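Comments concern the structure below.
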Number of protein chains: 2
Amino acid sequence: MDKTALQILEQHSIRPSVQRIEVVSYLYHNRIHPTADEIFNALNGTIPTLSKTTIYNILKLLEDGGVVKHINIDEKNVRYELIIGEHAHFRCDNCSRIFDIPAPTSKHNLPEGFTIRESDTYYQGICPECSKKPIV
Amino acid sequence: MDKTALQILEQHSIRPSVQRIEVVSYLYHNRIHPTADEIFNALNGTIPTLSKTTIYNILKLLEDGGVVKHINIDEKNVRYELIIGEHAHFRCDNCSRIFDIPAPTSKHNLPEGFTIRESDTYYQGICPECSKKPIV
DNA sequence: AATAAATTTGTAATGAATACAATATTATAA
DNA sequence: TTATAATATTGTATTCATTACAAATTTATT
Ligand SMILES: [Mn+2]
Ligand SMILES: [Mn+2]
Ligand SMILES: [Zn+2]
Ligand SMILES: [Zn+2]
């Protein structure tokens, strides 16, 4: 049982359960911005009775509770991560992995009247590993 | 028939057709970042035989040809726009409209080895109109 | 222990996007 | 022009991520 995951849930007043702890623990230890399906497949081994609906339920609960954030960089699936300090995302055109990148230092040129709640920066290009390999 | 739309297609060496001209024309005159479905519904009146598959086919063709760009700010549907000068996007939490916003002046803090092909900035918050109205 | 509340689970439904084959249109050759 | 090939559109079926919903299970309260 993951003490850190339990603490994260308690800090956000979300009642812990085996499934919730496992989801948070997975996100804490796997900073790969997984899809709901990837989380399900990763946890289905340790929780054989797990349902995919539970994953969706928990992700919604965690998002409403301010524990996770979803990422729309991929048009196929929604991806998730634990909310940590501000940062941007880089998706590699070649290997499709999503990297955490330091946030740009930006001066936003917002017209009069717009109020920002959230600002997301998405990069696409080639990651360091794929730059070295010749693209097949 | 829209002369401008025809020119845009010709400039990108895409053979014109009634359907292609109408799609480009719609995007040119309606800067609302529509979904494939919205485009279909808008054009189905003037082209009664239109198929939704055609809209998807054309949007893919236009994107490959460098005429349009898709936007992932909305997790439900992919949205489209004509490629114009660089700018950011603002999605209103209240009315869900997507606004063009001047691009931020950013200094990107990319680690060694990453090569950017594209960079997108998405804002979320409240638009000027919705700021005035009381939220029901 | 009994009851109520919360959580998980399985199944069915939704809906955007894609696959694919048939039809229609346009271009090229004869 | 007519025949033939290439291209484009259309309709239908399929895929698959996500949601809806009700039954079953687990946990909390009396
Ligand atoms: Mn991240
Ligand atoms: Mn735009
Ligand atoms: Zn890569
Ligand atoms: Zn608004």
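Ligands are numbered from 1 in the order shown, residues from 1 within each chain, and chains are lettered A, B, ... in the order they appear in the structure tokens.
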Taking the chain letters and numbering used in this document, name the residues of region 13-98 of chain B that DSSP puts in strand (DSSP E), as an mmCIF file with C-alpha atoms, in the first residue's frame.
data_model
loop_
_atom_site.group_PDB
_atom_site.id
_atom_site.type_symbol
_atom_site.label_atom_id
_atom_site.label_comp_id
_atom_site.auth_asym_id
_atom_site.auth_seq_id
_atom_site.Cartn_x
_atom_site.Cartn_y
_atom_site.Cartn_z
ATOM 1 C CA VAL B 68 -6.181 23.754 -42.428
ATOM 2 C CA LYS B 69 -5.059 22.983 -38.907
ATOM 3 C CA HIS B 70 -6.886 21.050 -36.243
ATOM 4 C CA ILE B 71 -7.355 22.197 -32.691
ATOM 5 C CA ARG B 79 -12.022 21.496 -34.426
ATOM 6 C CA TYR B 80 -10.660 23.060 -37.599
ATOM 7 C CA GLU B 81 -9.508 26.407 -38.923
ATOM 8 C CA LEU B 82 -7.781 27.802 -41.971
ATOM 9 C CA HIS B 87 -2.097 32.955 -32.743
ATOM 10 C CA ALA B 88 -3.306 31.344 -29.538
ATOM 11 C CA HIS B 89 -6.771 30.065 -28.655
ATOM 12 C CA PHE B 90 -9.082 30.911 -25.812
ATOM 13 C CA ARG B 91 -12.004 28.684 -24.890
ATOM 14 C CA CYS B 92 -14.713 30.206 -22.744
ATOM 15 C CA ILE B 98 -13.155 29.514 -29.116
#
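Residue-level contact on chain A: within 10 Å of chain D, counting only C-alpha atoms (C1' of nucleotides), the set is A:Ser17, A:Ala36, A:Asp37, A:Thr53, A:Tyr56, A:Lys76, A:Asn77, A:Val78.
Residues of protein, DNA or RNA lying at most 8 Å from ligand 3, when only C-alpha atoms (C1' of nucleotides) and all ligand atoms are considered, are A:Arg91, A:Cys92, A:Asp93, A:Asn94, A:Cys95, A:Ser96, A:Arg97, A:Ile126, A:Cys127, A:Pro128, A:Glu129, A:Cys130, A:Ser131.
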With a cut-off of 7 Å, could you pull out the residues of chain A touching chain B and give me the nearest pair of atoms for each, distance in Å to one decimal, using only C-alpha atoms, ordered by chain and ascending number, as CSV?
residue,atom,partner,partner_atom,distance
A:Asn72,CA,B:Asn72,CA,6.0
A:Ile73,CA,B:Asn72,CA,6.6
A:Glu75,CA,B:Asn72,CA,6.4
A:Ile101,CA,B:Leu110,CA,6.5
A:Pro102,CA,B:Asn109,CA,5.8
A:Ala103,CA,B:Asn109,CA,6.7
A:Pro104,CA,B:His108,CA,4.4
A:Thr105,CA,B:Lys107,CA,5.3
A:Ser106,CA,B:Ser106,CA,4.3
A:Lys107,CA,B:Thr105,CA,5.3
A:His108,CA,B:Pro104,CA,4.4
A:Asn109,CA,B:Pro104,CA,5.5
A:Leu110,CA,B:Ile101,CA,6.5
A:Gly113,CA,B:Pro128,CA,4.3
A:Phe114,CA,B:Cys127,CA,4.8
A:Thr115,CA,B:Ile126,CA,5.2
A:Ile116,CA,B:Gly125,CA,4.5
A:Arg117,CA,B:Gly125,CA,4.6
A:Glu118,CA,B:Gln124,CA,5.1
A:Ser119,CA,B:Tyr123,CA,4.4
A:Asp120,CA,B:Tyr122,CA,5.1
A:Thr121,CA,B:Thr121,CA,4.6
A:Tyr122,CA,B:Asp120,CA,5.1
A:Tyr123,CA,B:Ser119,CA,4.4
A:Gln124,CA,B:Glu118,CA,5.1
A:Gly125,CA,B:Ile116,CA,4.5
A:Ile126,CA,B:Thr115,CA,5.2
A:Cys127,CA,B:Phe114,CA,4.8
A:Pro128,CA,B:Gly113,CA,4.3
Next on the checklist: Taking only C-alpha atoms (C1' of nucleotides) into account and nothing else, which residues of chain C lie no more than 10 Å away from chain B? Please answer as JSON, numbers by chain.
Outcome noted: {"C": [15, 16, 17, 18, 25, 26]}
Dump C-alpha atoms (C1' of nucleotides) for the selected residues as an mmCIF file, in the first residue's frame?
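Produced file result.cif, reproduced below:
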data_model
loop_
_atom_site.group_PDB
_atom_site.id
_atom_site.type_symbol
_atom_site.label_atom_id
_atom_site.label_comp_id
_atom_site.auth_asym_id
_atom_site.auth_seq_id
_atom_site.Cartn_x
_atom_site.Cartn_y
_atom_site.Cartn_z
ATOM 1 C "C1'" DG C 15 -21.223 9.172 -30.819
ATOM 2 C "C1'" DA C 16 -17.072 10.821 -33.267
ATOM 3 C "C1'" DA C 17 -14.081 9.042 -36.476
ATOM 4 C "C1'" DT C 18 -12.604 5.483 -39.804
ATOM 5 C "C1'" DT C 25 -17.751 12.561 -61.658
ATOM 6 C "C1'" DT C 26 -13.798 14.226 -64.140
#
Item to check | Distance in Å - CA of Phe99 (chain B) versus CA of His33 (chain B) | outcome: 8.5 Å
Next on the checklist: Residues near Ile8 (chain B), anyone? I mean within 9 Å using only C-alpha atoms (C1' of nucleotides), not counting same-chain ones fewer than 5 positions away, as a list in words.
Outcome noted: Lys3, Ser13, Ile14, Ile21, Val24 and Val67 of chain B
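Atom to atom, CA of Gly66 (chain B) and C1' of DA21 (chain C) stand 28.8 Å apart.
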